[in-house]
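Colleague: File name input32.txt; file contents compact mmCIF, C-alpha atoms; full text below.
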# COMPACT_ATOMS: atom_id res chain seq x y z
CA MET A 223 94.99 107.28 117.74
CA ASP A 224 91.34 106.56 116.97
CA TYR A 225 92.01 104.82 113.66
CA THR A 226 93.97 101.77 112.53
CA LEU A 227 96.93 101.83 110.18
CA ARG A 228 94.90 99.79 107.70
CA GLU A 229 92.23 102.50 107.73
CA MET A 230 94.95 105.11 107.26
CA MET A 231 96.41 103.25 104.26
CA THR A 232 92.98 102.86 102.68
CA LEU A 233 92.10 106.54 103.02
CA VAL A 234 95.52 107.80 101.88
CA ALA A 235 95.01 105.79 98.68
CA ALA A 236 91.40 106.94 98.34
CA ARG A 237 92.49 110.60 98.46
CA GLU A 238 94.61 110.01 95.34
CA ILE A 239 91.64 108.87 93.24
CA ARG A 240 90.06 111.68 91.25
CA ASN A 241 86.45 112.11 90.18
CA GLU A 242 87.28 111.35 86.53
CA ASP A 243 89.50 108.32 87.20
CA ILE A 244 88.85 104.79 85.92
CA VAL A 245 90.11 102.47 88.64
CA PHE A 246 91.26 98.91 88.01
CA CYS A 247 90.54 97.19 91.32
CA GLY A 248 92.02 94.08 92.83
CA THR A 249 90.84 92.14 95.85
CA GLY A 250 91.07 93.51 99.38
CA ILE A 251 92.35 96.92 100.40
CA SER A 252 92.64 98.20 96.81
CA MET A 253 88.95 97.57 96.21
CA LEU A 254 88.08 99.20 99.52
CA ALA A 255 90.17 102.29 98.68
CA ALA A 256 88.33 102.76 95.39
CA MET A 257 84.99 102.25 97.11
CA ALA A 258 85.91 104.80 99.78
CA ALA A 259 86.92 107.37 97.15
CA LYS A 260 83.63 106.90 95.30
CA ASN A 261 81.61 107.40 98.49
CA ILE A 262 83.65 110.27 99.95
CA HIS A 263 84.79 112.67 97.22
CA ALA A 264 84.84 111.06 93.76
CA PRO A 265 81.29 109.85 93.00
CA LYS A 266 81.90 109.80 89.24
CA CYS A 267 85.00 107.61 89.30
CA VAL A 268 84.50 104.29 87.53
CA MET A 269 85.55 100.98 89.08
CA PHE A 270 86.20 97.93 86.95
CA PHE A 271 87.45 94.44 87.64
CA GLU A 272 89.57 91.76 86.01
CA THR A 273 86.51 89.53 85.81
CA GLY A 274 84.80 91.97 83.42
CA ALA A 275 82.43 94.00 85.61
CA ILE A 276 82.65 97.64 84.52
CA ASP A 277 81.27 100.63 86.46
CA ALA A 278 79.93 98.64 89.39
CA LYS A 279 77.73 100.16 92.06
CA LEU A 280 79.06 98.46 95.17
CA GLU A 281 76.47 98.35 97.91
CA GLU A 282 78.54 95.80 99.84
CA ILE A 283 82.27 95.17 99.77
CA PRO A 284 82.98 92.08 97.62
CA LEU A 285 85.40 89.52 99.04
CA ALA A 286 87.12 88.97 95.67
CA VAL A 287 86.97 90.18 92.07
CA ALA A 288 84.98 87.02 91.24
CA ASP A 289 82.39 87.77 93.93
CA SER A 290 79.03 88.27 92.19
CA ARG A 291 78.56 91.54 94.11
CA VAL A 292 81.00 93.24 91.70
CA MET A 293 78.31 92.84 88.99
CA TYR A 294 75.60 94.78 90.80
CA HIS A 295 74.22 97.69 88.72
CA THR A 296 77.18 97.72 86.33
CA SER A 297 77.24 99.53 83.00
CA ALA A 298 78.55 96.30 81.43
CA ASN A 299 79.33 92.76 82.47
CA GLY A 300 81.90 91.20 80.18
CA GLY A 301 84.94 89.04 80.72
CA LEU A 302 88.69 89.20 81.02
CA LEU A 303 89.09 90.56 77.49
CA ASP A 304 86.73 93.47 78.17
CA ALA A 305 88.51 94.36 81.40
CA PHE A 306 91.96 94.38 79.79
CA ALA A 307 90.68 96.28 76.76
CA THR A 308 89.32 98.94 79.15
CA MET A 309 92.68 99.07 80.89
CA GLN A 310 94.60 99.55 77.62
CA ASN A 311 92.14 101.91 75.91
CA ARG A 312 94.21 104.80 74.55
CA ILE A 313 91.19 107.12 74.42
CA THR A 314 91.04 107.21 78.22
CA GLY A 315 94.68 108.36 78.31
CA ASP A 316 95.94 109.03 81.82
CA LEU A 317 92.58 108.41 83.50
CA VAL A 318 93.12 104.69 84.15
CA ILE A 319 94.73 103.96 87.50
CA GLY A 320 95.73 100.52 88.78
CA ILE A 321 96.20 99.46 92.39
CA LEU A 322 98.78 96.74 93.07
CA GLY A 323 100.58 94.92 95.86
CA ALA A 324 103.73 92.81 95.94
CA ALA A 325 106.22 90.87 98.06
CA GLN A 326 109.21 93.04 97.05
CA ILE A 327 109.78 96.50 95.57
CA ASP A 328 112.97 98.31 94.52
CA LYS A 329 113.80 102.02 94.32
CA PHE A 330 112.35 102.33 90.79
CA GLY A 331 109.03 100.75 91.73
CA ASN A 332 109.65 97.39 90.06
CA LEU A 333 107.70 94.61 91.77
CA ASN A 334 108.15 90.96 92.65
CA SER A 335 105.12 88.81 93.41
CA THR A 336 106.54 85.53 92.08
CA VAL A 337 109.31 84.02 94.23
CA ILE A 338 111.72 84.66 97.08
CA GLY A 339 115.10 83.12 96.31
CA ASP A 340 116.14 81.40 93.10
CA TYR A 341 113.30 81.04 90.60
CA PHE A 342 113.92 77.31 90.05
CA SER A 343 114.51 76.52 93.73
CA PRO A 344 112.77 79.26 95.74
CA THR A 345 112.40 79.52 99.47
CA THR A 346 108.88 80.88 98.87
CA ARG A 347 106.72 80.76 95.75
CA PHE A 348 103.80 83.17 95.46
CA SER A 349 100.79 83.14 93.16
CA GLY A 350 102.63 85.10 90.48
CA SER A 351 101.59 87.97 88.30
CA GLY A 352 97.88 87.42 87.76
CA GLY A 353 97.09 90.65 85.93
CA GLY A 354 99.78 92.60 87.80
CA CYS A 355 102.32 92.72 84.99
CA ASP A 356 99.67 93.86 82.52
CA VAL A 357 98.46 96.60 84.86
CA ALA A 358 102.00 97.82 85.56
CA SER A 359 102.84 97.74 81.84
CA PHE A 360 99.80 99.49 80.41
CA VAL A 361 98.08 101.83 82.87
CA SER A 362 99.26 105.41 83.06
CA ARG A 363 99.33 105.52 86.87
CA SER A 364 99.52 102.89 89.55
CA ILE A 365 99.31 102.88 93.34
CA ILE A 366 101.26 100.21 95.19
CA PHE A 367 100.39 98.89 98.64
CA MET A 368 103.29 97.49 100.70
CA GLN A 369 104.05 96.52 104.27
CA HIS A 370 107.03 98.63 105.34
CA GLU A 371 109.74 96.04 106.03
CA LYS A 372 113.39 95.63 105.04
CA ARG A 373 112.68 92.29 103.40
CA LYS A 374 110.17 94.02 101.11
CA PHE A 375 112.02 97.27 100.21
CA VAL A 376 115.07 95.61 98.63
CA GLN A 377 118.20 96.66 96.77
CA LYS A 378 117.56 94.01 94.10
CA LEU A 379 114.43 92.00 93.39
CA ASP A 380 114.66 88.22 93.50
CA TYR A 381 112.44 88.23 90.40
CA MET A 382 110.83 91.04 88.41
CA THR A 383 107.15 90.29 88.01
CA SER A 384 105.82 93.75 87.15
CA PRO A 385 107.76 96.70 85.69
CA GLY A 386 107.94 100.03 87.45
CA HIS A 387 110.35 102.57 86.00
CA LEU A 388 112.79 99.70 85.29
CA ASP A 389 116.30 101.23 85.51
CA GLY A 390 115.46 104.93 85.49
CA PRO A 391 114.15 107.83 83.39
CA ASP A 392 114.16 106.10 79.97
CA GLY A 393 113.67 102.57 81.20
CA ARG A 394 110.07 102.11 80.14
CA ALA A 395 110.56 103.74 76.74
CA LYS A 396 113.59 101.56 75.98
CA ALA A 397 111.57 98.48 76.86
CA GLY A 398 108.72 99.54 74.56
CA LEU A 399 106.30 100.20 77.40
CA SER A 400 103.84 103.05 77.63
CA ALA A 401 104.67 106.15 79.61
CA GLY A 402 103.48 106.29 83.17
CA GLY A 403 104.42 103.69 85.74
CA PRO A 404 104.00 103.74 89.49
CA GLN A 405 102.86 107.03 90.97
CA LEU A 406 103.09 106.29 94.67
CA VAL A 407 103.72 103.61 97.26
CA ILE A 408 101.51 103.46 100.34
CA THR A 409 102.70 101.56 103.39
CA ASN A 410 101.74 101.13 107.02
CA MET A 411 104.22 103.93 107.87
CA ALA A 412 104.40 106.39 105.03
CA MET A 413 103.81 107.36 101.43
CA MET A 414 106.51 107.43 98.75
CA ARG A 415 106.44 109.01 95.30
CA PHE A 416 108.87 108.89 92.36
CA ASP A 417 111.06 111.80 91.26
CA GLU A 418 110.08 113.26 87.87
CA ASP A 419 113.67 113.30 86.62
CA THR A 420 115.43 110.32 88.18
CA LYS A 421 112.33 108.12 88.63
CA GLU A 422 113.75 107.08 92.00
CA MET A 423 111.51 106.69 95.03
CA TYR A 424 111.46 109.50 97.60
CA LEU A 425 109.64 109.96 100.89
CA ASP A 426 106.61 112.17 100.37
CA GLY A 427 105.17 111.91 103.85
CA CYS A 428 104.99 110.02 107.14
CA TYR A 429 101.97 109.10 109.19
CA PRO A 430 101.46 110.99 112.46
CA GLY A 431 103.95 109.85 115.09
CA ILE A 432 106.33 108.21 112.60
CA SER A 433 109.64 109.88 111.73
CA PRO A 434 111.57 109.78 108.43
CA ALA A 435 114.41 108.05 110.29
CA THR A 436 112.08 105.25 111.32
CA VAL A 437 110.93 104.84 107.73
CA LEU A 438 114.53 104.53 106.51
CA GLU A 439 115.34 101.95 109.19
CA HIS A 440 112.83 99.60 107.55
CA MET A 441 114.31 99.78 104.03
CA GLN A 442 117.38 98.21 102.43
CA PHE A 443 117.99 101.30 100.29
CA THR A 444 118.05 105.00 101.13
CA VAL A 445 115.56 107.50 99.72
CA ASP A 446 115.44 111.30 99.72
CA ILE A 447 113.59 112.49 102.83
CA SER A 448 114.01 116.25 102.28
CA ARG A 449 110.46 116.60 100.90
CA ALA A 450 108.79 114.60 103.66
CA ARG A 451 105.75 116.04 105.45
CA GLU A 452 103.27 114.73 107.98
CA ILE A 453 100.29 113.19 106.25
CA PRO A 454 96.99 114.37 107.74
CA PRO A 455 95.21 111.67 109.74
CA PRO A 456 91.78 110.44 108.66
CA ALA A 457 89.03 112.99 109.12
CA ALA A 458 85.94 112.04 111.12
CA HIS A 459 83.69 112.02 108.05
CA GLU A 460 86.17 109.82 106.13
CA LEU A 461 86.24 107.24 108.92
CA LYS A 462 82.46 107.31 109.28
CA ILE A 463 81.89 106.55 105.60
CA LEU A 464 84.66 103.95 105.49
CA ARG A 465 83.37 102.10 108.56
CA GLU A 466 79.62 102.48 108.17
CA LYS A 467 79.08 102.58 104.41
CA CYS A 468 82.04 100.82 102.79
CA ASP A 469 82.93 98.01 105.20
CA PRO A 470 80.48 97.89 108.12
CA GLN A 471 81.19 94.18 108.68
CA ARG A 472 84.95 94.89 108.70
CA LEU A 473 85.58 92.17 106.12
CA ILE A 474 88.67 93.98 104.78
CA LEU A 475 89.39 96.39 107.64
For this file, write the structure as C-alpha cells.
Modeller:
Amino acid sequence: MDYTLREMMTLVAAREIRNEDIVFCGTGISMLAAMAAKNIHAPKCVMFFETGAIDAKLEEIPLAVADSRVMYHTSANGGLLDAFATMQNRITGDLVIGILGAAQIDKFGNLNSTVIGDYFSPTTRFSGSGGGCDVASFVSRSIIFMQHEKRKFVQKLDYMTSPGHLDGPDGRAKAGLSAGGPQLVITNMAMMRFDEDTKEMYLDGCYPGISPATVLEHMQFTVDISRAREIPPPAAHELKILREKCDPQRLIL
C-alpha cells in the first residue's frame, strides 16, 4: 500500500464534493479534503469558514479556521454571523455541505462531541459543539469523519451534541429541523451511508484489504453489509496533488 489511511480518508471525502458545492470547513482533515477536491476535480466549489472567510483561495493549508491564511484572496471576509448566514441561506438549497467529526456516533448519524459518561460527572469532557450542532441542524448534507472503533460506534450516545436523523425517517421533521442530515460517514476502514427509507446507517464500501466482517467487529451495532463494495484506492494523480499541492509540509497528513 503506497498511501496512508489518512490520505485515503481525505480523498474519499474529496470525491464526494461536487463542483457546485459550498463547503463549510473545519480544522484539520475536513479542510484538507475540501482543498483536495478544489485542486483535483471541483475547481468551482466554494470553501468558507466559521471565522467568516468566504471563497478562500488556499495556497497553503491553514492550521485552524482562525489562521490568517484562510483569508487569502477571499470573495468576502466577515465574521461568525456571515459564515452562519451563508450556511443557512435557503437560496443555496442543497449545495451547502458540512464536514464534521465526533467522539461517538449512533446508527442514525447522531453525534456526541461533549462528554463520555454522565454529563454532570463525566469520565471525559470534550470541547463541545462549537458550530457542530448548527451545521448538523441546518446544512442539507454533511460528511462525518470517525475513527472506526467500538467505543465510537455506539448503541446509545452518552450525550447528543449534534442531530443526525434523530430516531428515523421523520425524526428531523418532527423536531422542526430542515431536511437533509448526514450523507455519509468516512472512517479509517470504510464508508457508510444512510438508507433513504429507514435513515439507518449501512456499509457502502470497504477500503482495499478490509472485509465487511472486520468493519462490523469494530462497531457496537450491526449495519446492512449487502451493498458493500471495495472502494477504489487513491489514484496516482490524486496523491500527487494531495501531497505536493495541498499539504507538502504534511501538517495535516
Colleague: Extract, using all atoms listed in the file, all DNA, RNA and protein residues at most 8 Å from A:Leu280, discarding same-chain residues fewer than 2 positions from it, and format them as a tab-separated table (two decimals) with C-alpha atoms, in the coordinates of the input.
Modeller:
chain	number	residue	atom	x	y	z
A	257	MET	CA	84.99	102.25	97.11
A	278	ALA	CA	79.93	98.64	89.39
A	282	GLU	CA	78.54	95.80	99.84
A	283	ILE	CA	82.27	95.17	99.77
A	284	PRO	CA	82.98	92.08	97.62
A	291	ARG	CA	78.56	91.54	94.11
A	292	VAL	CA	81.00	93.24	91.70
A	294	TYR	CA	75.60	94.78	90.80
Colleague: Could you please give me, as number ranges by chain, the residues of protein, DNA or RNA lying at most 12 Å from (105.8, 102.3, 92.4) in the coordinate frame of the file, considering only C-alpha atoms?
Modeller: A: 320-324, 326-334, 357-359, 362-368, 375, 384-388, 402-409, 413-417, 421-424
Colleague: Excluding A:Gly301 and any residue of its chain fewer than 3 positions from it, enumerate the residues within 8 Å of it, using all atoms listed in the file, and give them as a list in words.
Modeller: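 Skipping anything fewer than 3 positions along the chain leaves Glu272, Thr273, Gly274, Ala275, Asp304 and Ala305 of chain A.
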Colleague: Each residue of stretch 225-280 of chain A lying at most 12 Å from stretch 338-353 of chain A should get a row with its shortest atom-to-atom pair and the distance in Å to one decimal, counting all atoms listed in the file; could you produce that, ordered by chain and increasing number, as CSV?
Modeller:
residue,atom,partner,partner_atom,distance
A:Phe246,CA,A:Gly353,CA,10.3
A:Cys247,CA,A:Gly353,CA,10.7
A:Gly248,CA,A:Gly353,CA,9.2
A:Thr249,CA,A:Gly352,CA,11.7
A:Phe271,CA,A:Gly353,CA,10.5
A:Glu272,CA,A:Gly353,CA,7.6
A:Thr273,CA,A:Gly353,CA,10.6
Colleague: Keeping C-alpha atoms, export the residues of the selection given above as a PDB file, in the frame of the given file.
Modeller:
ATOM      1  CA  PHE A 246      91.260  98.910  88.010  1.00  0.00           C
ATOM      2  CA  CYS A 247      90.540  97.190  91.320  1.00  0.00           C
ATOM      3  CA  GLY A 248      92.020  94.080  92.830  1.00  0.00           C
ATOM      4  CA  THR A 249      90.840  92.140  95.850  1.00  0.00           C
ATOM      5  CA  PHE A 271      87.450  94.440  87.640  1.00  0.00           C
ATOM      6  CA  GLU A 272      89.570  91.760  86.010  1.00  0.00           C
ATOM      7  CA  THR A 273      86.510  89.530  85.810  1.00  0.00           C
TER       8      THR A 273
END
Colleague: So that I can see what lies close to stretch 447-451 of chain A, please list as a PDB file with C-alpha atoms, keeping the file's coordinate frame the residues with an atom at most 6 Å from it, counting all atoms listed in the file and leaving out residues fewer than 5 positions away in the same chain.
Modeller:
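What follows is the written file result02.pdb:
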ATOM      1  CA  LEU A 425     109.640 109.960 100.890  1.00  0.00           C
ATOM      2  CA  ASP A 426     106.610 112.170 100.370  1.00  0.00           C
ATOM      3  CA  GLY A 427     105.170 111.910 103.850  1.00  0.00           C
TER       4      GLY A 427
END
Colleague: Can you work out the spacing between atom CA of A:Phe443 and atom CA of A:Asp392 in Å, to one decimal?
Modeller: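 Between atom CA of A:Phe443 and atom CA of A:Asp392 the gap is 21.2 Å.
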Colleague: In terms of the shortest atom-to-atom distance over only C-alpha atoms, which of A:Arg472, A:His459, A:His370, A:Arg228 is closest to A:His440?
Modeller: A:His370
Colleague: Find, counting only C-alpha atoms, the residue in A:Ala458, A:Ile463, A:Leu473, A:Ala435 that gets nearest to A:His263.
Modeller: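 The closest residue to A:His263 is A:Ile463.
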Colleague: Go through A:Val268, A:Ile251, A:Ile262, A:Ala325 and flag the residue nearest A:Arg237, using all atoms listed in the file for the distances.
Modeller: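 Smallest distance to A:Arg237 is found for A:Ile262.
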Colleague: What gap, in Å, lies between atom CA of A:Lys266 and atom CA of A:Glu238?
Modeller: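 Atom-to-atom, atom CA of A:Lys266 and atom CA of A:Glu238 are spaced 14.1 Å apart.
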Colleague: Around (81.3, 102.1, 82.7), as given in the file, which residues come within 7 Å? Count all atoms listed in the file and list them as a PyMOL selection string.
Modeller: chain A and resi 268+276-277+297-298
Colleague: Of the residues A:Met441, A:Val245, A:Leu464, A:Ala235, which is the one nearest to A:Ile319, using only C-alpha atoms?
Modeller: A:Val245
